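Source file: target.csv. Holds: CSV, C-alpha atoms and all ligand atoms.
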chain,number,residue,atom,x,y,z
A,278,MET,CA,97.7,84.8,72.7
A,279,SER,CA,99.7,87.1,70.5
A,280,GLU,CA,101.2,86.0,67.2
A,281,ARG,CA,104.6,86.2,68.9
A,282,THR,CA,103.7,84.0,71.9
A,283,ILE,CA,106.6,81.6,72.3
A,284,THR,CA,105.6,78.0,72.7
A,285,ASN,CA,108.6,76.1,71.4
A,286,ILE,CA,112.3,76.5,70.4
A,287,GLU,CA,111.3,77.2,66.8
A,288,ASP,CA,109.5,80.3,68.1
A,289,LEU,CA,112.6,81.4,69.9
A,290,GLU,CA,114.6,80.9,66.7
A,291,ARG,CA,112.2,83.2,64.9
A,292,ALA,CA,112.5,85.9,67.6
A,293,TYR,CA,116.3,85.4,67.4
A,294,ALA,CA,116.3,85.8,63.6
A,295,ARG,CA,114.6,89.2,64.1
A,296,ARG,CA,117.2,90.5,66.5
A,297,VAL,CA,120.7,89.3,65.7
A,298,PRO,CA,122.7,90.4,62.6
A,299,ARG,CA,122.7,87.9,59.8
A,300,VAL,CA,126.4,87.3,59.9
A,301,PHE,CA,126.2,86.1,63.6
A,302,GLN,CA,122.9,84.4,63.0
A,303,GLU,CA,124.2,82.3,60.2
A,304,TYR,CA,127.3,81.5,62.1
A,305,VAL,CA,124.9,79.7,64.5
A,306,THR,CA,122.4,78.1,62.1
A,307,SER,CA,124.8,77.0,59.4
A,308,GLY,CA,126.3,73.5,59.0
A,309,ALA,CA,129.2,72.2,56.9
A,310,TRP,CA,129.0,71.9,53.1
A,311,THR,CA,125.6,70.6,51.9
A,312,GLU,CA,124.3,70.6,55.5
A,313,SER,CA,123.1,67.0,55.1
A,314,THR,CA,124.3,66.0,58.6
A,315,LEU,CA,122.8,69.1,60.1
A,316,LYS,CA,119.4,68.1,58.7
A,317,ARG,CA,119.8,64.4,59.6
A,318,ASN,CA,120.5,65.3,63.2
A,319,LEU,CA,117.0,66.7,63.3
A,320,SER,CA,115.1,64.3,61.1
A,321,ASP,CA,116.5,61.2,62.8
A,322,PHE,CA,115.1,62.4,66.1
A,323,GLU,CA,111.7,63.1,64.6
A,324,ASP,CA,111.6,59.5,63.2
A,325,LEU,CA,111.7,57.9,66.6
A,326,GLN,CA,108.2,57.4,67.8
A,327,PHE,CA,107.0,56.9,71.4
A,328,ARG,CA,104.9,54.2,72.9
A,329,GLN,CA,101.8,55.7,74.4
A,330,ARG,CA,101.1,54.1,77.8
A,331,VAL,CA,98.1,54.5,80.1
A,332,GLY,CA,97.1,53.2,83.5
A,333,VAL,CA,100.3,54.2,85.2
A,334,ASP,CA,100.3,56.5,88.3
A,335,ILE,CA,102.1,59.5,87.0
A,336,SER,CA,101.1,61.9,89.7
A,337,ASN,CA,104.6,62.2,91.2
A,338,ARG,CA,106.8,62.5,88.1
A,339,SER,CA,110.4,63.7,88.5
A,340,THR,CA,112.8,64.9,85.8
A,341,GLU,CA,115.7,65.2,88.3
A,342,ALA,CA,119.0,63.8,87.2
A,343,THR,CA,122.6,63.4,88.3
A,344,ILE,CA,125.2,64.4,85.7
A,345,LEU,CA,128.8,63.6,86.6
A,346,GLY,CA,127.9,63.6,90.3
A,347,GLU,CA,126.1,66.9,90.1
A,348,LYS,CA,122.3,67.2,90.7
A,349,ALA,CA,120.4,68.6,87.7
A,350,THR,CA,116.8,69.7,87.3
A,351,ILE,CA,116.6,67.8,84.0
A,352,PRO,CA,119.0,65.4,82.3
A,353,LEU,CA,120.4,68.3,80.2
A,354,ALA,CA,123.5,70.5,80.0
A,355,LEU,CA,124.5,73.4,77.8
A,356,SER,CA,127.1,72.6,75.1
A,357,PRO,CA,130.0,74.9,74.6
A,358,VAL,CA,129.2,77.6,72.0
A,359,GLY,CA,131.9,80.0,70.8
A,360,LEU,CA,131.2,83.8,70.6
A,361,LEU,CA,128.1,83.9,72.7
A,362,GLY,CA,129.1,87.4,73.7
A,363,MET,CA,128.5,88.4,70.1
A,364,GLN,CA,124.9,87.0,70.1
A,365,HIS,CA,124.1,89.2,73.1
A,366,GLY,CA,126.3,91.5,75.2
A,367,ASP,CA,128.0,89.5,78.0
A,368,GLY,CA,126.3,86.4,76.6
A,369,GLU,CA,128.5,83.8,78.3
A,370,ILE,CA,127.9,85.3,81.8
A,371,LEU,CA,124.1,85.5,81.2
A,372,ALA,CA,123.9,81.9,79.9
A,373,ALA,CA,125.9,80.6,82.8
A,374,GLN,CA,123.7,82.5,85.3
A,375,ALA,CA,120.6,81.2,83.7
A,376,ALA,CA,121.9,77.6,83.7
A,377,GLU,CA,123.0,77.9,87.3
A,378,GLU,CA,119.6,79.2,88.4
A,379,PHE,CA,117.7,76.6,86.4
A,380,GLY,CA,120.0,73.8,87.8
A,381,VAL,CA,121.8,72.5,84.7
A,382,PRO,CA,125.6,72.5,83.9
A,383,PHE,CA,126.9,75.3,81.7
A,384,THR,CA,130.0,74.8,79.5
A,385,LEU,CA,132.2,77.8,78.7
A,386,SER,CA,134.0,77.5,75.3
A,387,THR,CA,137.7,78.2,74.8
A,388,MET,CA,136.5,80.6,72.0
A,389,SER,CA,134.2,82.6,74.3
A,390,ILE,CA,134.0,86.4,74.5
A,391,CYS,CA,133.7,86.5,78.3
A,392,SER,CA,136.7,85.0,80.0
A,393,LEU,CA,136.9,82.1,82.5
A,394,GLU,CA,137.5,84.7,85.2
A,395,ASP,CA,134.5,86.9,84.0
A,396,VAL,CA,132.2,83.9,84.3
A,397,ALA,CA,133.6,82.7,87.6
A,398,ARG,CA,133.2,86.2,89.1
A,399,ASN,CA,129.5,86.4,88.0
A,400,THR,CA,128.4,82.9,89.1
A,401,SER,CA,128.5,81.0,92.3
A,402,LYS,CA,128.8,77.3,91.4
A,403,PRO,CA,131.5,75.5,89.5
A,404,PHE,CA,130.9,75.4,85.7
A,405,TRP,CA,132.4,73.3,82.9
A,406,PHE,CA,135.2,74.5,80.6
A,407,GLN,CA,135.7,73.3,77.0
A,408,LEU,CA,139.3,73.1,75.8
A,409,TYR,CA,140.6,73.0,72.3
A,410,VAL,CA,144.0,71.2,72.3
A,411,MET,CA,146.7,73.6,70.9
A,412,ARG,CA,150.3,73.0,70.0
A,413,ASP,CA,151.5,75.7,72.4
A,414,LEU,CA,151.8,73.6,75.5
A,415,ASP,CA,152.6,76.6,77.7
A,416,PHE,CA,149.4,78.2,76.7
A,417,MET,CA,147.4,75.0,77.2
A,418,ARG,CA,148.8,74.5,80.7
A,419,ASP,CA,148.1,78.2,81.5
A,420,LEU,CA,144.5,77.8,80.4
A,421,MET,CA,144.1,74.6,82.4
A,422,GLN,CA,145.5,76.4,85.5
A,423,ARG,CA,143.2,79.4,84.9
A,424,ALA,CA,140.3,76.9,84.7
A,425,ARG,CA,141.4,75.4,88.1
A,426,ASP,CA,141.7,78.8,89.6
A,427,ALA,CA,138.2,79.7,88.3
A,428,GLY,CA,136.8,76.7,90.1
A,429,VAL,CA,135.9,74.7,87.0
A,430,SER,CA,134.7,71.2,87.9
A,431,THR,CA,134.8,69.6,84.6
A,432,LEU,CA,137.1,69.9,81.6
A,433,VAL,CA,135.5,69.1,78.2
A,434,VAL,CA,138.1,68.4,75.6
A,435,THR,CA,136.7,68.7,72.1
A,436,LEU,CA,138.2,66.3,69.6
A,437,ASP,CA,136.4,66.9,66.3
A,438,LEU,CA,137.8,70.4,65.4
A,439,GLN,CA,141.5,69.9,65.0
A,440,VAL,CA,140.8,71.2,61.4
A,441,GLN,CA,137.9,73.5,60.7
A,442,GLY,CA,134.9,72.2,58.7
A,443,GLN,CA,133.9,74.4,55.7
A,444,ARG,CA,130.7,76.3,56.3
A,445,ASN,CA,129.7,77.9,53.1
A,446,ARG,CA,127.3,80.4,54.5
A,447,ASP,CA,130.0,81.8,56.9
A,448,LEU,CA,132.5,82.1,54.0
A,449,LYS,CA,129.9,84.0,51.9
A,450,ASN,CA,129.1,86.3,54.8
A,451,GLY,CA,132.7,87.1,55.6
A,452,MET,CA,132.2,85.7,59.1
A,453,SER,CA,135.1,86.7,61.4
A,454,VAL,CA,135.5,88.6,64.6
A,455,PRO,CA,135.0,91.4,64.0
A,456,PRO,CA,133.0,90.5,60.8
A,457,ALA,CA,134.3,91.7,57.4
A,458,LEU,CA,132.3,94.9,56.9
A,459,SER,CA,130.8,94.5,53.4
A,460,ALA,CA,128.1,96.9,52.4
A,461,ALA,CA,125.5,94.1,52.9
A,462,THR,CA,126.7,93.4,56.5
A,463,ILE,CA,126.7,97.1,57.4
A,464,LEU,CA,123.2,97.6,56.1
A,465,ASP,CA,122.0,94.5,57.9
A,466,MET,CA,123.6,95.6,61.2
A,467,ALA,CA,122.0,99.0,60.9
A,468,THR,CA,118.6,97.4,61.0
A,469,ARG,CA,119.4,95.4,64.1
A,470,TRP,CA,119.5,98.5,66.4
A,471,ARG,CA,118.4,96.6,69.6
A,472,TRP,CA,121.3,94.2,69.2
A,473,GLY,CA,123.6,97.1,68.5
A,474,LEU,CA,122.5,99.2,71.5
A,475,ASN,CA,122.9,96.2,73.8
A,476,MET,CA,126.4,95.5,72.4
A,477,LEU,CA,127.4,99.1,73.1
A,478,LYS,CA,126.7,98.5,76.8
A,479,THR,CA,129.6,96.0,77.2
A,480,LYS,CA,133.3,96.3,76.8
A,481,ARG,CA,133.6,92.5,76.2
A,482,ARG,CA,133.9,92.2,72.5
A,483,SER,CA,137.0,90.1,71.9
A,484,PHE,CA,138.1,86.5,72.8
A,485,GLY,CA,138.4,86.8,76.5
A,486,ASN,CA,140.3,83.6,77.1
A,487,LEU,CA,142.9,84.3,74.4
A,488,VAL,CA,143.6,88.0,73.9
A,489,GLY,CA,146.3,89.2,76.2
A,490,HIS,CA,147.3,85.7,77.2
A,491,VAL,CA,148.9,84.3,74.0
A,492,LYS,CA,151.8,85.6,72.1
A,493,GLY,CA,151.2,86.9,68.6
A,494,LEU,CA,147.5,87.6,69.2
A,495,ASP,CA,147.4,91.3,70.1
A,496,ASP,CA,145.4,92.1,67.1
A,497,MET,CA,142.0,90.3,66.7
A,498,SER,CA,142.3,90.2,62.9
A,499,LEU,CA,145.1,87.7,63.3
A,500,LEU,CA,142.9,85.2,65.1
A,501,VAL,CA,141.9,82.9,62.3
A,502,GLU,CA,145.5,82.6,61.2
A,503,TRP,CA,146.5,82.0,64.8
A,504,VAL,CA,143.9,79.2,65.3
A,505,ASN,CA,144.9,77.5,62.1
A,506,LYS,CA,148.5,77.5,63.2
A,507,ASN,CA,147.9,76.5,66.8
A,508,PHE,CA,145.2,73.8,66.9
A,509,ASP,CA,147.2,70.6,67.3
A,510,GLN,CA,146.6,68.4,64.3
A,511,ALA,CA,148.9,65.8,65.9
A,512,LEU,CA,146.4,65.3,68.8
A,513,ASP,CA,146.2,61.5,69.5
A,514,TRP,CA,145.2,59.2,72.4
A,515,ASN,CA,148.7,59.4,74.0
A,516,LYS,CA,148.3,63.1,74.3
A,517,LEU,CA,144.8,62.8,75.7
A,518,SER,CA,146.2,60.4,78.2
A,519,ARG,CA,148.7,63.0,79.3
A,520,ILE,CA,145.9,65.6,79.6
A,521,ARG,CA,144.0,63.0,81.8
A,522,ASP,CA,147.1,62.8,84.1
A,523,GLU,CA,147.3,66.6,84.4
A,524,TRP,CA,143.6,67.3,85.1
A,525,ASP,CA,142.4,66.1,88.5
A,526,GLY,CA,138.8,67.1,88.0
A,527,LYS,CA,136.2,65.3,85.8
A,528,LEU,CA,137.3,64.9,82.2
A,529,VAL,CA,134.8,64.7,79.3
A,530,LEU,CA,135.8,63.9,75.7
A,531,LYS,CA,133.6,65.6,73.1
A,532,GLY,CA,133.1,64.7,69.5
A,533,ILE,CA,132.9,60.9,69.7
A,534,LEU,CA,130.8,59.4,66.9
A,535,ASP,CA,132.2,55.9,66.6
A,536,PRO,CA,132.0,53.0,69.0
A,537,ALA,CA,135.7,52.3,68.6
A,538,ASP,CA,136.6,55.8,69.6
A,539,ALA,CA,134.2,55.5,72.6
A,540,SER,CA,136.2,52.5,73.8
A,541,ARG,CA,139.5,54.5,73.4
A,542,ALA,CA,138.0,57.3,75.4
A,543,VAL,CA,137.1,54.9,78.2
A,544,GLU,CA,140.7,53.5,78.1
A,545,VAL,CA,142.3,56.9,78.6
A,546,GLY,CA,140.1,57.4,81.7
A,547,ALA,CA,137.4,59.8,80.5
A,548,ASP,CA,134.6,60.2,83.1
A,549,ALA,CA,132.2,60.9,80.3
A,550,ILE,CA,132.0,61.2,76.5
A,551,ILE,CA,129.8,63.5,74.4
A,552,VAL,CA,128.4,61.8,71.4
A,553,SER,CA,128.6,64.7,69.0
A,554,ASN,CA,129.1,65.7,65.4
A,555,HIS,CA,129.5,69.4,66.4
A,556,GLY,CA,125.9,70.1,65.4
A,557,GLY,CA,126.7,69.1,61.8
A,558,ARG,CA,129.3,71.9,61.5
A,559,GLN,CA,132.3,69.7,60.9
A,560,MET,CA,132.1,66.6,58.8
A,561,ASP,CA,129.2,66.8,56.4
A,562,GLY,CA,128.1,63.3,55.4
A,563,ALA,CA,128.5,62.0,59.0
A,564,PRO,CA,125.6,60.1,60.6
A,565,SER,CA,123.4,61.7,63.1
A,566,THR,CA,124.4,61.3,66.7
A,567,ILE,CA,121.1,59.7,67.8
A,568,SER,CA,121.5,57.0,65.1
A,569,MET,CA,125.0,56.1,66.5
A,570,LEU,CA,124.0,56.3,70.2
A,571,PRO,CA,122.9,52.6,70.7
A,572,ALA,CA,126.2,51.2,69.3
A,573,ILE,CA,128.2,53.7,71.3
A,574,THR,CA,126.5,53.0,74.7
A,575,ASP,CA,127.0,49.3,73.9
A,576,SER,CA,130.7,49.7,73.5
A,577,VAL,CA,131.0,51.9,76.7
A,578,GLN,CA,129.1,49.4,78.8
A,579,GLY,CA,128.6,51.9,81.6
A,580,ALA,CA,132.3,52.6,82.1
A,581,ALA,CA,131.8,56.3,81.5
A,582,GLU,CA,128.8,58.5,81.4
A,583,VAL,CA,127.4,59.1,77.9
A,584,LEU,CA,126.1,62.5,76.9
A,585,LEU,CA,124.7,63.4,73.5
A,586,ASP,CA,124.3,66.6,71.6
A,587,SER,CA,123.6,67.7,67.9
A,588,GLY,CA,120.0,68.1,66.9
A,589,VAL,CA,118.3,68.3,70.4
A,590,ARG,CA,115.5,70.9,70.0
A,591,SER,CA,112.8,69.7,72.5
A,592,GLY,CA,112.1,67.8,75.7
A,593,GLN,CA,110.9,65.0,73.4
A,594,ASP,CA,114.4,64.8,72.0
A,595,VAL,CA,115.9,64.7,75.5
A,596,LEU,CA,113.6,61.7,76.2
A,597,ARG,CA,114.6,60.0,73.0
A,598,ALA,CA,118.3,60.4,73.9
A,599,ARG,CA,117.7,59.0,77.4
A,600,ALA,CA,115.7,56.1,75.9
A,601,LEU,CA,118.6,55.1,73.7
A,602,GLY,CA,121.1,55.1,76.5
A,603,ALA,CA,122.4,58.7,77.0
A,604,ASP,CA,122.7,59.7,80.6
A,605,ALA,CA,121.9,63.3,79.6
A,606,ALA,CA,121.4,65.4,76.4
A,607,MET,CA,123.1,68.7,75.6
A,608,ILE,CA,122.0,71.7,73.6
A,609,GLY,CA,123.9,74.2,71.6
A,610,ARG,CA,121.7,76.2,69.2
A,611,ALA,CA,118.5,75.8,71.3
A,612,PHE,CA,119.7,77.9,74.1
A,613,THR,CA,121.7,80.2,71.8
A,614,PHE,CA,118.4,81.2,70.1
A,615,GLY,CA,117.0,82.2,73.5
A,616,LEU,CA,120.1,84.1,74.4
A,617,GLY,CA,120.2,86.1,71.2
A,618,ALA,CA,116.5,86.8,71.3
A,619,LYS,CA,116.2,87.9,74.9
A,620,GLY,CA,119.4,87.5,76.9
A,621,LYS,CA,119.3,85.6,80.1
A,622,THR,CA,115.5,85.3,80.2
A,623,GLY,CA,115.6,83.7,76.7
A,624,VAL,CA,118.0,81.0,78.0
A,625,THR,CA,115.7,80.3,80.9
A,626,GLU,CA,112.8,80.2,78.5
A,627,ALA,CA,114.5,77.6,76.3
A,628,LEU,CA,115.2,75.5,79.3
A,629,SER,CA,111.7,75.8,80.7
A,630,LEU,CA,110.2,74.8,77.3
A,631,ILE,CA,112.3,71.8,77.2
A,632,LYS,CA,111.6,70.8,80.8
A,633,ASN,CA,107.8,71.1,80.2
A,634,GLU,CA,108.0,69.0,77.0
A,635,LEU,CA,110.0,66.4,78.8
A,636,GLU,CA,107.6,66.2,81.7
A,637,LEU,CA,104.6,65.9,79.5
A,638,THR,CA,106.1,63.2,77.3
A,639,MET,CA,107.2,61.3,80.3
A,640,ALA,CA,103.6,61.3,81.4
A,641,PHE,CA,102.3,60.1,78.0
A,642,THR,CA,104.9,57.3,78.0
A,643,GLY,CA,104.1,56.3,81.6
A,644,SER,CA,107.5,57.3,82.9
A,645,VAL,CA,107.6,58.4,86.5
A,646,LYS,CA,111.3,59.0,87.1
A,647,ASN,CA,114.1,60.0,84.8
A,648,GLN,CA,116.1,57.1,86.1
A,649,GLY,CA,113.4,54.6,84.8
A,650,ILE,CA,113.5,55.9,81.2
A,651,GLY,CA,114.8,53.2,78.8
A,652,PRO,CA,114.3,51.8,75.3
A,653,HIS,CA,110.8,50.6,76.3
A,654,VAL,CA,109.5,54.2,75.8
A,655,LEU,CA,110.1,53.9,72.1
A,656,LEU,CA,108.0,52.0,69.6
A,657,SER,CA,110.9,50.2,68.1
A,658,TYR,CA,111.5,48.4,71.5
A,659,PRO,CA,110.2,44.8,71.7
A,660,PRO,CA,106.6,45.3,72.5
A,661,ASN,CA,106.3,42.5,75.0
A,662,THR,CA,108.9,44.0,77.4
A,663,VAL,CA,107.4,45.4,80.6
A,664,PRO,CA,108.4,49.0,81.4
A,665,VAL,CA,110.6,49.3,84.5
A,666,ASN,CA,108.3,51.6,86.3
A,701,LIG,C1,127.6,78.7,66.9
A,701,LIG,C2,128.3,77.5,67.5
A,701,LIG,C3,129.5,77.6,68.0
A,701,LIG,C4,130.1,76.5,68.6
A,701,LIG,N1,131.3,76.6,69.2
A,701,LIG,C5,131.8,75.5,69.8
A,701,LIG,C6,133.0,75.6,70.6
A,701,LIG,O1,133.6,76.7,70.7
A,701,LIG,N2,133.5,74.5,71.1
A,701,LIG,C7,132.9,73.3,71.0
A,701,LIG,O2,133.4,72.3,71.5
A,701,LIG,N3,131.8,73.1,70.3
A,701,LIG,C8,131.2,74.2,69.7
A,701,LIG,N4,130.0,74.1,69.1
A,701,LIG,C9,129.4,72.8,69.0
A,701,LIG,C10,128.4,72.6,70.2
A,701,LIG,O3,129.1,72.5,71.4
A,701,LIG,C11,127.5,71.4,70.0
A,701,LIG,O4,128.2,70.3,69.8
A,701,LIG,C12,126.4,71.6,68.9
A,701,LIG,O5,125.9,72.9,68.9
A,701,LIG,C13,125.3,70.7,69.2
A,701,LIG,O6,124.3,70.7,68.2
A,701,LIG,P1,123.0,71.6,68.3
A,701,LIG,O7,123.4,73.0,68.0
A,701,LIG,O8,122.1,71.0,67.2
A,701,LIG,O9,122.4,71.4,69.7
A,701,LIG,C14,129.4,75.2,68.5
A,701,LIG,C15,128.2,75.2,67.9
A,701,LIG,C16,127.6,76.3,67.4
A,701,LIG,C17,126.2,76.2,66.8
Target format structure tokens, applied to this file:
Amino acid sequence: MSERTITNIEDLERAYARRVPRVFQEYVTSGAWTESTLKRNLSDFEDLQFRQRVGVDISNRSTEATILGEKATIPLALSPVGLLGMQHGDGEILAAQAAEEFGVPFTLSTMSICSLEDVARNTSKPFWFQLYVMRDLDFMRDLMQRARDAGVSTLVVTLDLQVQGQRNRDLKNGMSVPPALSAATILDMATRWRWGLNMLKTKRRSFGNLVGHVKGLDDMSLLVEWVNKNFDQALDWNKLSRIRDEWDGKLVLKGILDPADASRAVEVGADAIIVSNHGGRQMDGAPSTISMLPAITDSVQGAAEVLLDSGVRSGQDVLRARALGADAAMIGRAFTFGLGAKGKTGVTEALSLIKNELELTMAFTGSVKNQGIGPHVLLSYPPNTVPVN
């Protein structure tokens, strides 16, 4: 095996680091302020130990899941990640295709480079669309209509970014689209020639869902100012209720980290919630999502599906999230590393690695079916409880 054989997501991250310019790389890897929440998202997963079980017939294991009524190969979906098209040319299209072929849901971000229409034209199944709530109601309605026309099955409304967290590394790198061209950035980009050549092959290099559709945003350099002015800081549960009324498809509320908010989400009629702290990019000092999951699933009581992201880097993490009550996990950075490193193949590779880790750990814990996974697979569960399968 060569030194560069990829056996886990960390290897994909290393390959990614060699290929993508630092300004876009750190946009992905960084967290808010001291990055304590970013780190805790990972370490709290690691701290959860499995119960090793033997003497169970595990010959017919199945990772198959149903997420919001859709069949999935594993209990996993791709979280919305902005600017994928800057990690790799046509990044959103490639990630959506990889997800569709693998059999897991893909979520397109409002802040994507490829537009809703681009992704719809290049895929054959409905995908999910993530919406940021803006003050300009006409633009919001227009975006929701475009999502309907593009055949979007599920609207994911993100609630934890009405104001932007401070990411120090982004500020220091002059992260913007296009990036501020300091001498260091130009020098760094010059050494990433494979990334550069690939970017030259596509015309998609601006925010596909926004540019040309909103007033006052003809020039990309105005984007940050536009976002600051337009994200609706008055967003409350009444407004979310109105969005629920206007959207006939599945509605998912993302950015829930507190049991009280999970109950409100159920009250406004969400079909699912995503337990998320935005991958540690918004409020530093917030708890990890996995540590909040049991209290949140308790408060939801099965009235909505519970999805979880932030810190999922392996199939073992997917199993841990399932064990503590999530119906499925989601990944942001894990598939983005694959995309930046190798395009569509890299996303497939990330998903395959995670599936393999999940299958193996299911075997070691005596879990035959995804549906049978519960708290009994974890060591902290009362030891005298008999596993369901
Ligand atoms: C580079 C980057 C961009 C993101 N952009 C968005 C976005 O546009 N909309 C959104 O709702 N969440 C966005 N997120 C948050 C992800 O959807 C997800 O919550 C987070 O990545 C999960 O943590 P993980 O990266 O540890 O898996 C972004 C995350 C990253 C890393």
Top pick for closest residue to ligand LIG 701 (chain A), considering A:Arg423, A:Arg328, A:Arg521, A:Lys316 and counting all atoms listed in the file
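Result for the nearest residue to ligand LIG 701 (chain A): A:Lys316.
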Find the spatial neighbours of Ile608 in chain A, counting all atoms listed in the file, within a cut-off of 9 Å - ignore same-chain residues fewer than 6 positions away - and output them as a list in words.
Leu353, Ala354, Leu355, Ser356, Pro357, Leu585, Asp586, Ser587, Gly588, Val589 and Arg590 of chain A
Can you tell me which residues sit at most 8 Å away from ligand LIG 701 (chain A), counting only C-alpha atoms and all ligand atoms, written as a short mmCIF file (atom, residue, chain, number, x, y, z; two decimals) with C-alpha atoms, keeping the file's coordinate frame?
data_model
loop_
_atom_site.label_atom_id
_atom_site.label_comp_id
_atom_site.auth_asym_id
_atom_site.auth_seq_id
_atom_site.Cartn_x
_atom_site.Cartn_y
_atom_site.Cartn_z
CA TYR A 304 127.30 81.50 62.10
CA VAL A 305 124.90 79.70 64.50
CA THR A 306 122.40 78.10 62.10
CA SER A 307 124.80 77.00 59.40
CA LEU A 315 122.80 69.10 60.10
CA ASN A 318 120.50 65.30 63.20
CA LEU A 319 117.00 66.70 63.30
CA LEU A 355 124.50 73.40 77.80
CA SER A 356 127.10 72.60 75.10
CA PRO A 357 130.00 74.90 74.60
CA VAL A 358 129.20 77.60 72.00
CA GLY A 359 131.90 80.00 70.80
CA LEU A 360 131.20 83.80 70.60
CA LEU A 361 128.10 83.90 72.70
CA SER A 386 134.00 77.50 75.30
CA THR A 387 137.70 78.20 74.80
CA MET A 388 136.50 80.60 72.00
CA SER A 389 134.20 82.60 74.30
CA GLN A 407 135.70 73.30 77.00
CA LEU A 408 139.30 73.10 75.80
CA TYR A 409 140.60 73.00 72.30
CA VAL A 433 135.50 69.10 78.20
CA VAL A 434 138.10 68.40 75.60
CA THR A 435 136.70 68.70 72.10
CA LEU A 436 138.20 66.30 69.60
CA LEU A 438 137.80 70.40 65.40
CA LYS A 531 133.60 65.60 73.10
CA GLY A 532 133.10 64.70 69.50
CA SER A 553 128.60 64.70 69.00
CA ASN A 554 129.10 65.70 65.40
CA HIS A 555 129.50 69.40 66.40
CA GLY A 556 125.90 70.10 65.40
CA GLY A 557 126.70 69.10 61.80
CA ARG A 558 129.30 71.90 61.50
CA ASP A 586 124.30 66.60 71.60
CA SER A 587 123.60 67.70 67.90
CA GLY A 588 120.00 68.10 66.90
CA VAL A 589 118.30 68.30 70.40
CA ARG A 590 115.50 70.90 70.00
CA MET A 607 123.10 68.70 75.60
CA ILE A 608 122.00 71.70 73.60
CA GLY A 609 123.90 74.20 71.60
CA ARG A 610 121.70 76.20 69.20
CA ALA A 611 118.50 75.80 71.30
CA THR A 613 121.70 80.20 71.80
#
Any idea what the distance is between CA of Thr625 in chain A and CA of Arg281 in chain A?
17.4 Å
In Å, with one decimal, what is the gap from CA of Asp465 in chain A to CA of Met363 in chain A?
15.1 Å
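Distances from A:Ala537, A:Leu655, A:Met569, A:Met560 to Asp324 in chain A were compared using all atoms listed in the file, and the smallest one belongs to A:Leu655.
Residue nearest Ala563 in chain A within the list A:Ile533, A:Ala627, A:Arg471, A:Arg412: A:Ile533 [criterion: smallest interatomic distance, all atoms listed in the file].
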Would you mind telling me which residue in A:Asp522, A:Phe508, A:Cys391, A:Gln364 lies nearest to Asn475 in chain A when using only C-alpha atoms?
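For Asn475 in chain A, the nearest of the given residues is A:Gln364.
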Can you pull out the residues contacting range 446-451 of chain A? Cut-off 12 Å, using all atoms listed in the file, and skip same-chain residues under 4 positions away; I want them as a PyMOL selection string.
chain A and resi 298-312+442+455-463+465+558
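Note that CA of Ala600 in chain A and CA of Ile551 in chain A are 16.0 Å apart.
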Which of these residues is nearest to Ala375 in chain A, using all atoms listed in the file: A:Asn647, A:Ser629, A:Asn505, A:Thr468?
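Using all atoms listed in the file, Ala375 in chain A sits closest to A:Ser629.
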Excluding Val529 in chain A and its own-chain neighbours fewer than 6 positions away, which residues fall within 12 Å of it when counting all atoms listed in the file? Please give them as a PyMOL selection string.
chain A and resi 344-345+356+384+405-408+430-436+517+520-521+539+542-543+545-552+581-585
